[in-house]
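Student: For reference, the file structure.txt (compact mmCIF, C-alpha atoms and all ligand atoms) is included below:
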# COMPACT_ATOMS: atom_id res chain seq x y z
CA MET A 11 9.93 14.68 -33.84
CA SER A 12 9.79 10.90 -33.95
CA ILE A 13 8.98 8.67 -30.98
CA GLY A 14 12.64 7.72 -30.73
CA GLU A 15 13.74 11.33 -30.74
CA ASN A 16 11.19 12.15 -28.05
CA ILE A 17 12.54 9.35 -25.85
CA ASP A 18 16.10 10.55 -26.38
CA LYS A 19 15.11 14.09 -25.48
CA ILE A 20 13.49 13.00 -22.21
CA LYS A 21 16.46 10.82 -21.33
CA SER A 22 18.88 13.65 -21.95
CA ASN A 23 16.75 15.98 -19.82
CA ILE A 24 16.86 13.42 -17.03
CA ASP A 25 20.61 12.94 -17.42
CA LEU A 26 21.11 16.68 -17.19
CA ILE A 27 19.18 16.84 -13.91
CA LYS A 28 21.13 13.86 -12.56
CA LYS A 29 24.36 15.63 -13.33
CA GLU A 30 23.23 18.95 -11.87
CA LYS A 31 21.92 17.37 -8.70
CA GLY A 32 24.62 14.72 -8.39
CA LEU A 33 22.11 11.86 -8.47
CA ASP A 34 23.81 8.50 -8.93
CA TYR A 35 20.89 6.06 -9.08
CA PRO A 36 19.14 4.77 -12.22
CA ILE A 37 15.86 6.39 -13.24
CA THR A 38 13.35 4.22 -15.08
CA LEU A 39 11.37 5.76 -17.91
CA ILE A 40 7.95 4.23 -18.42
CA ALA A 41 6.40 5.06 -21.78
CA VAL A 42 2.69 5.45 -21.12
CA SER A 43 1.07 3.82 -24.11
CA LYS A 44 -2.62 4.08 -23.20
CA THR A 45 -4.72 4.74 -26.33
CA VAL A 46 -1.58 4.33 -28.45
CA ASP A 47 -1.60 1.58 -31.08
CA GLU A 48 0.75 -1.38 -31.09
CA GLU A 49 2.70 -0.10 -34.06
CA LYS A 50 3.80 2.92 -32.07
CA VAL A 51 4.64 0.76 -29.07
CA MET A 52 6.82 -1.32 -31.43
CA GLU A 53 8.49 1.84 -32.67
CA ALA A 54 9.43 2.77 -29.11
CA TYR A 55 10.53 -0.81 -28.43
CA GLU A 56 12.79 -0.81 -31.46
CA HIS A 57 14.36 2.33 -30.08
CA GLY A 58 15.26 0.40 -26.92
CA GLN A 59 12.28 1.26 -24.73
CA ARG A 60 11.23 -1.71 -22.58
CA ASP A 61 8.79 -0.42 -19.97
CA PHE A 62 5.27 0.61 -20.95
CA GLY A 63 2.40 1.87 -18.83
CA GLU A 64 -1.30 1.24 -19.29
CA ASN A 65 -4.20 2.51 -17.20
CA LYS A 66 -6.83 0.00 -18.26
CA VAL A 67 -6.54 -3.72 -17.59
CA GLN A 68 -8.22 -4.71 -20.83
CA GLU A 69 -5.88 -2.61 -22.93
CA LEU A 70 -2.87 -3.87 -21.01
CA THR A 71 -3.71 -7.54 -21.48
CA LYS A 72 -4.51 -7.02 -25.16
CA LYS A 73 -1.18 -5.34 -25.86
CA GLU A 74 0.69 -7.80 -23.68
CA SER A 75 -0.70 -10.80 -25.51
CA SER A 76 0.09 -9.43 -28.94
CA LEU A 77 3.57 -8.17 -28.04
CA ASN A 78 4.85 -10.71 -25.52
CA ASN A 79 7.02 -12.29 -28.21
CA LEU A 80 9.26 -9.24 -27.78
CA GLU A 81 12.06 -9.96 -25.38
CA ASP A 82 12.09 -8.07 -22.07
CA ILE A 83 8.98 -6.01 -22.75
CA ASN A 84 7.29 -4.97 -19.50
CA PHE A 85 3.80 -3.68 -18.94
CA HIS A 86 3.00 -1.59 -15.88
CA MET A 87 -0.54 -1.15 -14.61
CA ILE A 88 -0.69 2.52 -13.64
CA GLY A 89 -4.42 3.21 -13.50
CA TYR A 90 -7.17 2.61 -10.98
CA LEU A 91 -7.60 -1.12 -10.43
CA GLN A 92 -10.96 -2.75 -9.80
CA SER A 93 -10.86 -5.89 -7.66
CA ASN A 94 -12.62 -7.99 -10.28
CA LYS A 95 -9.85 -7.18 -12.79
CA VAL A 96 -6.97 -8.33 -10.60
CA LYS A 97 -7.11 -11.85 -12.06
CA TYR A 98 -6.21 -10.58 -15.52
CA LEU A 99 -2.94 -9.15 -14.27
CA VAL A 100 -1.53 -12.58 -13.38
CA ASN A 101 1.50 -13.10 -15.64
CA THR A 102 0.78 -9.93 -17.62
CA ALA A 103 1.69 -6.96 -15.41
CA LYS A 104 5.28 -6.51 -14.35
CA LEU A 105 4.41 -3.94 -11.69
CA ILE A 106 1.09 -2.61 -10.43
CA HIS A 107 1.44 1.05 -9.44
CA SER A 108 -2.06 1.45 -8.03
CA LEU A 109 -2.30 -0.68 -4.91
CA ASP A 110 -4.28 1.63 -2.64
CA ARG A 111 -6.69 -0.34 -0.47
CA LYS A 112 -7.17 -3.48 1.59
CA SER A 113 -9.71 -5.12 -0.70
CA LEU A 114 -7.11 -5.31 -3.48
CA ILE A 115 -4.71 -7.15 -1.22
CA LYS A 116 -7.43 -9.61 -0.30
CA GLU A 117 -8.14 -10.27 -3.97
CA MET A 118 -4.44 -10.55 -4.85
CA GLU A 119 -4.00 -13.07 -2.06
CA LYS A 120 -6.83 -15.16 -3.44
CA ARG A 121 -5.67 -15.04 -7.07
CA GLY A 122 -2.02 -15.38 -6.12
CA ARG A 123 -2.70 -18.54 -4.17
CA ASN A 124 -4.78 -20.06 -6.98
CA GLU A 125 -2.25 -19.32 -9.68
CA ASP A 126 0.95 -19.39 -7.66
CA PHE A 127 1.71 -15.82 -8.70
CA ILE A 128 3.28 -12.95 -6.77
CA PHE A 129 1.90 -9.48 -7.43
CA ASN A 130 4.62 -6.83 -7.43
CA CYS A 131 3.12 -3.50 -6.49
CA LEU A 132 3.69 0.10 -5.60
CA ILE A 133 1.43 1.74 -3.07
CA GLN A 134 -0.35 4.69 -4.60
CA VAL A 135 -0.52 7.59 -2.16
CA ASN A 136 -3.00 10.43 -2.54
CA LEU A 137 -0.89 12.94 -0.71
CA ALA A 138 -2.89 15.99 -1.82
CA LYS A 139 -6.15 14.24 -0.83
CA GLU A 140 -7.72 15.03 -4.17
CA LYS A 141 -11.28 13.73 -4.24
CA SER A 142 -11.07 12.99 -7.96
CA LYS A 143 -8.06 10.71 -7.59
CA SER A 144 -7.49 7.29 -6.14
CA GLY A 145 -4.65 6.46 -3.79
CA ILE A 146 -4.48 5.87 -0.08
CA TYR A 147 -4.41 8.76 2.40
CA ILE A 148 -1.18 8.93 4.31
CA GLU A 149 -2.85 8.35 7.68
CA ASP A 150 -4.13 4.99 6.44
CA LEU A 151 -0.77 3.79 5.17
CA GLU A 152 0.47 2.00 8.29
CA GLU A 153 -2.58 -0.22 8.44
CA LEU A 154 -2.04 -1.25 4.83
CA LEU A 155 1.64 -1.97 5.49
CA ILE A 156 0.70 -4.38 8.28
CA LEU A 157 -1.66 -6.24 5.98
CA ILE A 158 1.06 -6.51 3.33
CA GLU A 159 3.58 -7.80 5.87
CA ASN A 160 1.11 -10.56 6.63
CA SER A 161 0.42 -11.48 3.03
CA ASN A 162 1.97 -14.20 0.88
CA TYR A 163 1.34 -13.12 -2.68
CA VAL A 164 1.82 -9.34 -2.52
CA LYS A 165 5.23 -7.69 -2.59
CA VAL A 166 5.60 -3.94 -2.38
CA LYS A 167 8.48 -2.34 -4.24
CA GLY A 168 7.85 1.30 -3.50
CA LEU A 169 5.43 4.19 -3.75
CA MET A 170 3.57 6.00 -6.49
CA MET A 171 1.94 9.40 -6.63
CA ILE A 172 -0.02 11.34 -9.23
CA ALA A 173 0.50 15.03 -8.52
CA PRO A 174 -2.34 17.52 -8.89
CA PHE A 175 -2.21 19.49 -12.11
CA TYR A 176 -1.03 23.08 -11.86
CA GLU A 177 -0.11 25.26 -14.80
CA ASP A 178 2.85 26.35 -12.69
CA VAL A 179 4.69 23.09 -11.91
CA GLU A 180 6.64 24.72 -9.12
CA LYS A 181 3.47 24.45 -7.06
CA VAL A 182 3.80 20.67 -6.88
CA ARG A 183 7.44 20.68 -5.85
CA PRO A 184 6.62 20.57 -2.09
CA LEU A 185 4.42 17.52 -2.66
CA PHE A 186 7.14 15.64 -4.52
CA ARG A 187 9.51 16.60 -1.74
CA ASP A 188 7.13 15.33 0.94
CA MET A 189 6.66 12.03 -0.90
CA LYS A 190 10.42 11.60 -1.07
CA LYS A 191 10.61 12.14 2.69
CA ILE A 192 7.96 9.47 3.29
CA TYR A 193 9.78 7.11 0.94
CA ASP A 194 13.12 7.71 2.67
CA GLU A 195 11.58 7.25 6.09
CA LEU A 196 10.09 3.89 5.05
CA ARG A 197 13.45 2.91 3.59
CA THR A 198 15.03 3.09 7.02
CA ARG A 199 12.55 0.54 8.38
CA GLU A 200 12.62 -3.24 8.17
CA PHE A 201 9.54 -4.87 6.71
CA LYS A 202 8.50 -8.24 5.52
CA ASN A 203 7.37 -8.18 1.85
CA ILE A 204 8.05 -4.47 1.54
CA GLU A 205 11.10 -2.75 0.11
CA MET A 206 11.47 0.81 -1.05
CA LYS A 207 13.11 0.49 -4.44
CA TYR A 208 10.94 2.66 -6.66
CA LEU A 209 9.42 6.06 -6.22
CA SER A 210 7.10 6.46 -9.20
CA MET A 211 6.23 10.09 -9.79
CA GLY A 212 6.38 12.54 -12.64
CA MET A 213 4.45 12.78 -15.92
CA SER A 214 5.01 14.81 -19.10
CA HIS A 215 4.07 18.05 -17.44
CA ASP A 216 6.01 17.69 -14.20
CA TYR A 217 8.66 14.97 -14.51
CA LYS A 218 11.62 17.34 -14.34
CA VAL A 219 10.52 18.67 -10.97
CA ALA A 220 9.75 15.12 -9.80
CA VAL A 221 13.24 13.90 -10.74
CA GLU A 222 14.83 16.92 -9.10
CA GLU A 223 12.99 15.99 -5.92
CA GLY A 224 14.01 12.34 -5.95
CA SER A 225 11.72 10.33 -8.21
CA ASN A 226 13.41 7.29 -9.79
CA MET A 227 10.54 6.20 -12.03
CA VAL A 228 8.71 8.55 -14.38
CA ARG A 229 5.56 7.77 -16.37
CA ILE A 230 5.46 9.71 -19.60
CA GLY A 231 2.88 9.49 -22.36
CA THR A 232 2.23 12.74 -24.21
CA ASP A 233 5.86 13.81 -24.50
CA ILE A 234 6.68 10.48 -26.19
CA PHE A 235 3.65 9.59 -28.28
CA GLY A 236 2.01 13.00 -28.70
CA LYS A 237 -1.40 14.15 -27.58
CA ARG A 238 -3.76 11.25 -26.93
CA VAL A 239 -6.77 10.75 -29.16
CA TYR A 240 -9.72 9.19 -27.36
CA VAL A 241 -12.19 7.49 -29.67
C1 LIG A 301 -1.77 8.94 -18.51
C2 LIG A 301 -0.94 8.78 -17.30
C3 LIG A 301 0.39 9.22 -17.28
C4 LIG A 301 1.06 9.93 -18.43
O1 LIG A 301 0.54 11.21 -18.62
P1 LIG A 301 1.18 12.23 -19.67
O2 LIG A 301 0.73 13.55 -19.18
O3 LIG A 301 0.61 11.89 -21.00
O4 LIG A 301 2.64 12.07 -19.64
C5 LIG A 301 1.12 8.99 -16.12
N1 LIG A 301 0.59 8.37 -15.06
C6 LIG A 301 -0.68 7.93 -15.05
C7 LIG A 301 -1.20 7.24 -13.84
C8 LIG A 301 -1.48 8.12 -16.16
O5 LIG A 301 -2.76 7.68 -16.15
The structure given in the file should be rewritten as structure tokens.
Tutor:
Amino acid sequence: MSIGENIDKIKSNIDLIKKEKGLDYPITLIAVSKTVDEEKVMEAYEHGQRDFGENKVQELTKKESSLNNLEDINFHMIGYLQSNKVKYLVNTAKLIHSLDRKSLIKEMEKRGRNEDFIFNCLIQVNLAKEKSKSGIYIEDLEELLILIENSNYVKVKGLMMIAPFYEDVEKVRPLFRDMKKIYDELRTREFKNIEMKYLSMGMSHDYKVAVEEGSNMVRIGTDIFGKRVYV
């Protein structure tokens, strides 16, 4: 199947779930283009895809600079972010999904002030407390929220989670459900600089379960571009 057909297939799967579950909100599909060449990104773009996800700053900025002539193209930073790379995301990343610690806020404040740029972010939560993954632990979230409320160049637009991998995707359903509860609870509260607009969860392997449980932003690579080849 072509890239376009893959995108259509995912969208129709999502539409089916929306219908079944009676979900009336839009769900954003992010095509995860890490390791994928620009030609294939173009192919997806020509099919109407506008949001792309990268997990390395260098790869994101490279693709952004060669493709930013395309109208409305958006690059999302979805991978672990080192503080010393924050500066490269000024004017290149539409949304940073991996805000997960205080030191990043400090760096964003510094760069934001220098360049008069607002960093739009999602807070990455490590709900399963997997040692191998980044993301803030839930008990540390409130402290981070306070820091964000007191910042000038960081705006939070929601939450992100990477679920643990299980062959049986049903095993992650309770985690998606718990994240949705946290998201909904935060939505009832009034914050400065923080709104709960996006809940970014679901990848090729588990996006259907994630959408069923309330995700409104899915990050899909393999099911669009095929198996990644690392060189
Ligand atoms: C690579 C990646 C994805 C996409 O994974 P697939 O299994 O290829 O769909 C989603 N989110 C993050 C954070 C990733 O690094």
Student: Let me see if you get this right: every residue at most 6 Å from ligand LIG 301 (chain A), counting only C-alpha atoms and all ligand atoms, written as a list in words.
Tutor: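 Taking only C-alpha atoms and all ligand atoms into account, the residues around ligand LIG 301 (chain A) at most 6 Å away are Val42, Asn65, Ile88, Gly89, Met213, Ser214, His215, Arg229, Ile230, Gly231 and Thr232 of chain A.
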Student: Work out where the centre of an axis-aligned box around every listed atom of stretch 29-37 of chain A lies and how long its edges are once 6 Å is added on each side; give both in Å to one decimal as lines of an AutoDock Vina configuration file.
Tutor:
center_x = 20.2
center_y = 11.9
center_z = -10.9
size_x = 20.8
size_y = 26.2
size_z = 16.9
Student: Using all atoms listed in the file, which residue out of A:Asn203, A:Asn101, A:Thr71, A:Ser144 lies closest to A:Pro174?
Tutor: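 Smallest distance to A:Pro174 is found for A:Ser144.
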Student: Measuring atom to atom with all atoms listed in the file, identify which of A:Ser225, A:Asn79, A:Asn162, A:Ser43 is nearest to A:Asn130.
Tutor: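 Closest candidate: A:Asn162.
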Student: Given the point (-4.2, -16.5, -13.2) in the coordinates of this file, which residues lie within 7 Å, counting all atoms listed in the file, and how would they look as a VMD selection string?
Tutor: chain A and resid 97 to 98 100 121 125
Student: Residues within 8 Å of (-7.6, 10.7, 4.2), file coordinates, counting only C-alpha atoms: what are they? Give the list as number ranges by chain.
Tutor: A: 139, 146-150
Student: Using only C-alpha atoms, determine which residues lie at most 8 Å from A:Lys104, disregarding the query and same-chain residues fewer than 4 positions distant; provide the list as an mmCIF file with C-alpha atoms, in the frame of the given file.
Tutor:
data_model
loop_
_atom_site.group_PDB
_atom_site.id
_atom_site.type_symbol
_atom_site.label_atom_id
_atom_site.label_comp_id
_atom_site.auth_asym_id
_atom_site.auth_seq_id
_atom_site.Cartn_x
_atom_site.Cartn_y
_atom_site.Cartn_z
ATOM 1 C CA ASN A 84 7.290 -4.970 -19.500
ATOM 2 C CA PHE A 85 3.800 -3.680 -18.940
ATOM 3 C CA HIS A 86 3.000 -1.590 -15.880
ATOM 4 C CA MET A 87 -0.540 -1.150 -14.610
ATOM 5 C CA ASN A 130 4.620 -6.830 -7.430
#
Student: So which one's closest to A:Leu137, A:Val179, A:Leu185, A:Ile13, A:Val46? Using only C-alpha atoms, please.
Tutor: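 Closest candidate: A:Leu185.
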Student: When you count all atoms listed in the file, which of these residues is closest to A:Cys131: A:Ser113, A:Glu205, A:Leu151, A:Phe175?
Tutor: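 Ranking A:Ser113, A:Glu205, A:Leu151, A:Phe175 by distance to A:Cys131, first place goes to A:Glu205.
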Student: Restricting the calculation to all atoms listed in the file: of A:Leu80, A:Ile17, A:Ile37, A:Leu154, which residue gets closest to A:Gly224?
Tutor: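 Closest to A:Gly224, using all atoms listed in the file: A:Ile37.
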Student: Could you state the separation of atom CA of A:Lys141 and atom CA of A:Tyr163 in Å, given to one decimal place?
Tutor: 29.7 Å
Student: Using the partial input, fill out stretch 193-204 of chain A with all heavy atoms; write the result as a PDB file, keeping the file's coordinate frame.
Tutor:
ATOM      1  N   TYR A 193       9.060   8.231   1.549  1.00  0.00           N
ATOM      2  CA  TYR A 193       9.780   7.110   0.940  1.00  0.00           C
ATOM      3  C   TYR A 193      11.091   6.833   1.694  1.00  0.00           C
ATOM      4  O   TYR A 193      11.385   5.691   2.056  1.00  0.00           O
ATOM      5  CB  TYR A 193      10.038   7.478  -0.525  1.00  0.00           C
ATOM      6  CG  TYR A 193      10.917   6.574  -1.332  1.00  0.00           C
ATOM      7  CD1 TYR A 193      10.405   5.408  -1.913  1.00  0.00           C
ATOM      8  CD2 TYR A 193      12.251   6.910  -1.586  1.00  0.00           C
ATOM      9  CE1 TYR A 193      11.214   4.597  -2.699  1.00  0.00           C
ATOM     10  CE2 TYR A 193      13.057   6.109  -2.374  1.00  0.00           C
ATOM     11  CZ  TYR A 193      12.536   4.949  -2.926  1.00  0.00           C
ATOM     12  OH  TYR A 193      13.327   4.151  -3.710  1.00  0.00           O
ATOM     13  N   ASP A 194      11.843   7.884   1.958  1.00  0.00           N
ATOM     14  CA  ASP A 194      13.120   7.710   2.670  1.00  0.00           C
ATOM     15  C   ASP A 194      12.907   7.206   4.092  1.00  0.00           C
ATOM     16  O   ASP A 194      13.680   6.386   4.584  1.00  0.00           O
ATOM     17  CB  ASP A 194      13.886   9.043   2.715  1.00  0.00           C
ATOM     18  CG  ASP A 194      14.566   9.343   1.390  1.00  0.00           C
ATOM     19  OD1 ASP A 194      14.764   8.405   0.586  1.00  0.00           O
ATOM     20  OD2 ASP A 194      14.893  10.521   1.144  1.00  0.00           O
ATOM     21  N   GLU A 195      11.860   7.686   4.715  1.00  0.00           N
ATOM     22  CA  GLU A 195      11.580   7.250   6.090  1.00  0.00           C
ATOM     23  C   GLU A 195      11.250   5.747   6.106  1.00  0.00           C
ATOM     24  O   GLU A 195      11.756   4.987   6.936  1.00  0.00           O
ATOM     25  CB  GLU A 195      10.421   8.081   6.664  1.00  0.00           C
ATOM     26  CG  GLU A 195      10.268   7.987   8.176  1.00  0.00           C
ATOM     27  CD  GLU A 195       9.342   6.865   8.626  1.00  0.00           C
ATOM     28  OE1 GLU A 195       8.312   6.628   7.946  1.00  0.00           O
ATOM     29  OE2 GLU A 195       9.646   6.209   9.634  1.00  0.00           O
ATOM     30  N   LEU A 196      10.443   5.317   5.135  1.00  0.00           N
ATOM     31  CA  LEU A 196      10.090   3.890   5.050  1.00  0.00           C
ATOM     32  C   LEU A 196      11.315   3.043   4.731  1.00  0.00           C
ATOM     33  O   LEU A 196      11.420   1.895   5.162  1.00  0.00           O
ATOM     34  CB  LEU A 196       9.003   3.665   4.006  1.00  0.00           C
ATOM     35  CG  LEU A 196       7.619   4.227   4.346  1.00  0.00           C
ATOM     36  CD1 LEU A 196       6.676   4.097   3.157  1.00  0.00           C
ATOM     37  CD2 LEU A 196       7.030   3.502   5.557  1.00  0.00           C
ATOM     38  N   ARG A 197      12.239   3.626   3.973  1.00  0.00           N
ATOM     39  CA  ARG A 197      13.450   2.910   3.590  1.00  0.00           C
ATOM     40  C   ARG A 197      14.330   2.567   4.790  1.00  0.00           C
ATOM     41  O   ARG A 197      15.113   1.622   4.737  1.00  0.00           O
ATOM     42  CB  ARG A 197      14.275   3.774   2.632  1.00  0.00           C
ATOM     43  CG  ARG A 197      14.501   3.116   1.298  1.00  0.00           C
ATOM     44  CD  ARG A 197      14.511   4.144   0.230  1.00  0.00           C
ATOM     45  NE  ARG A 197      15.849   4.717   0.040  1.00  0.00           N
ATOM     46  CZ  ARG A 197      16.678   4.318  -0.910  1.00  0.00           C
ATOM     47  NH1 ARG A 197      16.353   3.321  -1.711  1.00  0.00           N
ATOM     48  NH2 ARG A 197      17.833   4.909  -1.077  1.00  0.00           N
ATOM     49  N   THR A 198      14.199   3.348   5.846  1.00  0.00           N
ATOM     50  CA  THR A 198      15.030   3.090   7.020  1.00  0.00           C
ATOM     51  C   THR A 198      14.442   1.966   7.880  1.00  0.00           C
ATOM     52  O   THR A 198      15.072   1.515   8.825  1.00  0.00           O
ATOM     53  CB  THR A 198      15.167   4.340   7.920  1.00  0.00           C
ATOM     54  OG1 THR A 198      13.868   4.658   8.446  1.00  0.00           O
ATOM     55  CG2 THR A 198      15.719   5.523   7.147  1.00  0.00           C
ATOM     56  N   ARG A 199      13.208   1.545   7.561  1.00  0.00           N
ATOM     57  CA  ARG A 199      12.550   0.540   8.380  1.00  0.00           C
ATOM     58  C   ARG A 199      12.639  -0.855   7.763  1.00  0.00           C
ATOM     59  O   ARG A 199      12.773  -0.996   6.561  1.00  0.00           O
ATOM     60  CB  ARG A 199      11.080   0.933   8.592  1.00  0.00           C
ATOM     61  CG  ARG A 199      10.960   2.176   9.460  1.00  0.00           C
ATOM     62  CD  ARG A 199       9.587   2.793   9.411  1.00  0.00           C
ATOM     63  NE  ARG A 199       8.522   1.870   9.801  1.00  0.00           N
ATOM     64  CZ  ARG A 199       7.226   2.184   9.722  1.00  0.00           C
ATOM     65  NH1 ARG A 199       6.837   3.364   9.271  1.00  0.00           N
ATOM     66  NH2 ARG A 199       6.323   1.306  10.091  1.00  0.00           N
ATOM     67  N   GLU A 200      12.568  -1.843   8.627  1.00  0.00           N
ATOM     68  CA  GLU A 200      12.620  -3.240   8.170  1.00  0.00           C
ATOM     69  C   GLU A 200      11.212  -3.789   8.067  1.00  0.00           C
ATOM     70  O   GLU A 200      10.459  -3.770   9.034  1.00  0.00           O
ATOM     71  CB  GLU A 200      13.391  -4.087   9.199  1.00  0.00           C
ATOM     72  CG  GLU A 200      14.885  -3.901   9.182  1.00  0.00           C
ATOM     73  CD  GLU A 200      15.554  -4.728   8.098  1.00  0.00           C
ATOM     74  OE1 GLU A 200      14.949  -5.738   7.660  1.00  0.00           O
ATOM     75  OE2 GLU A 200      16.674  -4.365   7.688  1.00  0.00           O
ATOM     76  N   PHE A 201      10.867  -4.276   6.896  1.00  0.00           N
ATOM     77  CA  PHE A 201       9.540  -4.870   6.710  1.00  0.00           C
ATOM     78  C   PHE A 201       9.661  -6.248   6.096  1.00  0.00           C
ATOM     79  O   PHE A 201      10.629  -6.542   5.404  1.00  0.00           O
ATOM     80  CB  PHE A 201       8.709  -4.026   5.742  1.00  0.00           C
ATOM     81  CG  PHE A 201       8.331  -2.662   6.220  1.00  0.00           C
ATOM     82  CD1 PHE A 201       9.000  -1.546   5.741  1.00  0.00           C
ATOM     83  CD2 PHE A 201       7.287  -2.488   7.114  1.00  0.00           C
ATOM     84  CE1 PHE A 201       8.638  -0.274   6.148  1.00  0.00           C
ATOM     85  CE2 PHE A 201       6.917  -1.221   7.522  1.00  0.00           C
ATOM     86  CZ  PHE A 201       7.586  -0.108   7.041  1.00  0.00           C
ATOM     87  N   LYS A 202       8.642  -7.010   6.270  1.00  0.00           N
ATOM     88  CA  LYS A 202       8.500  -8.240   5.520  1.00  0.00           C
ATOM     89  C   LYS A 202       7.680  -7.894   4.262  1.00  0.00           C
ATOM     90  O   LYS A 202       6.694  -7.153   4.350  1.00  0.00           O
ATOM     91  CB  LYS A 202       7.719  -9.240   6.392  1.00  0.00           C
ATOM     92  CG  LYS A 202       7.803 -10.668   5.940  1.00  0.00           C
ATOM     93  CD  LYS A 202       7.244 -11.596   7.034  1.00  0.00           C
ATOM     94  CE  LYS A 202       7.036 -12.973   6.472  1.00  0.00           C
ATOM     95  NZ  LYS A 202       5.695 -13.179   5.910  1.00  0.00           N
ATOM     96  N   ASN A 203       8.090  -8.376   3.124  1.00  0.00           N
ATOM     97  CA  ASN A 203       7.370  -8.180   1.850  1.00  0.00           C
ATOM     98  C   ASN A 203       7.378  -6.754   1.303  1.00  0.00           C
ATOM     99  O   ASN A 203       6.729  -6.467   0.303  1.00  0.00           O
ATOM    100  CB  ASN A 203       5.889  -8.594   1.965  1.00  0.00           C
ATOM    101  CG  ASN A 203       5.714 -10.019   2.398  1.00  0.00           C
ATOM    102  OD1 ASN A 203       6.517 -10.875   2.021  1.00  0.00           O
ATOM    103  ND2 ASN A 203       4.693 -10.285   3.194  1.00  0.00           N
ATOM    104  N   ILE A 204       8.062  -5.866   1.975  1.00  0.00           N
ATOM    105  CA  ILE A 204       8.050  -4.470   1.540  1.00  0.00           C
ATOM    106  C   ILE A 204       9.475  -3.952   1.425  1.00  0.00           C
ATOM    107  O   ILE A 204      10.244  -4.025   2.377  1.00  0.00           O
ATOM    108  CB  ILE A 204       7.290  -3.570   2.547  1.00  0.00           C
ATOM    109  CG1 ILE A 204       5.842  -4.036   2.689  1.00  0.00           C
ATOM    110  CG2 ILE A 204       7.351  -2.090   2.110  1.00  0.00           C
ATOM    111  CD1 ILE A 204       5.109  -3.426   3.876  1.00  0.00           C
TER     112      ILE A 204
END
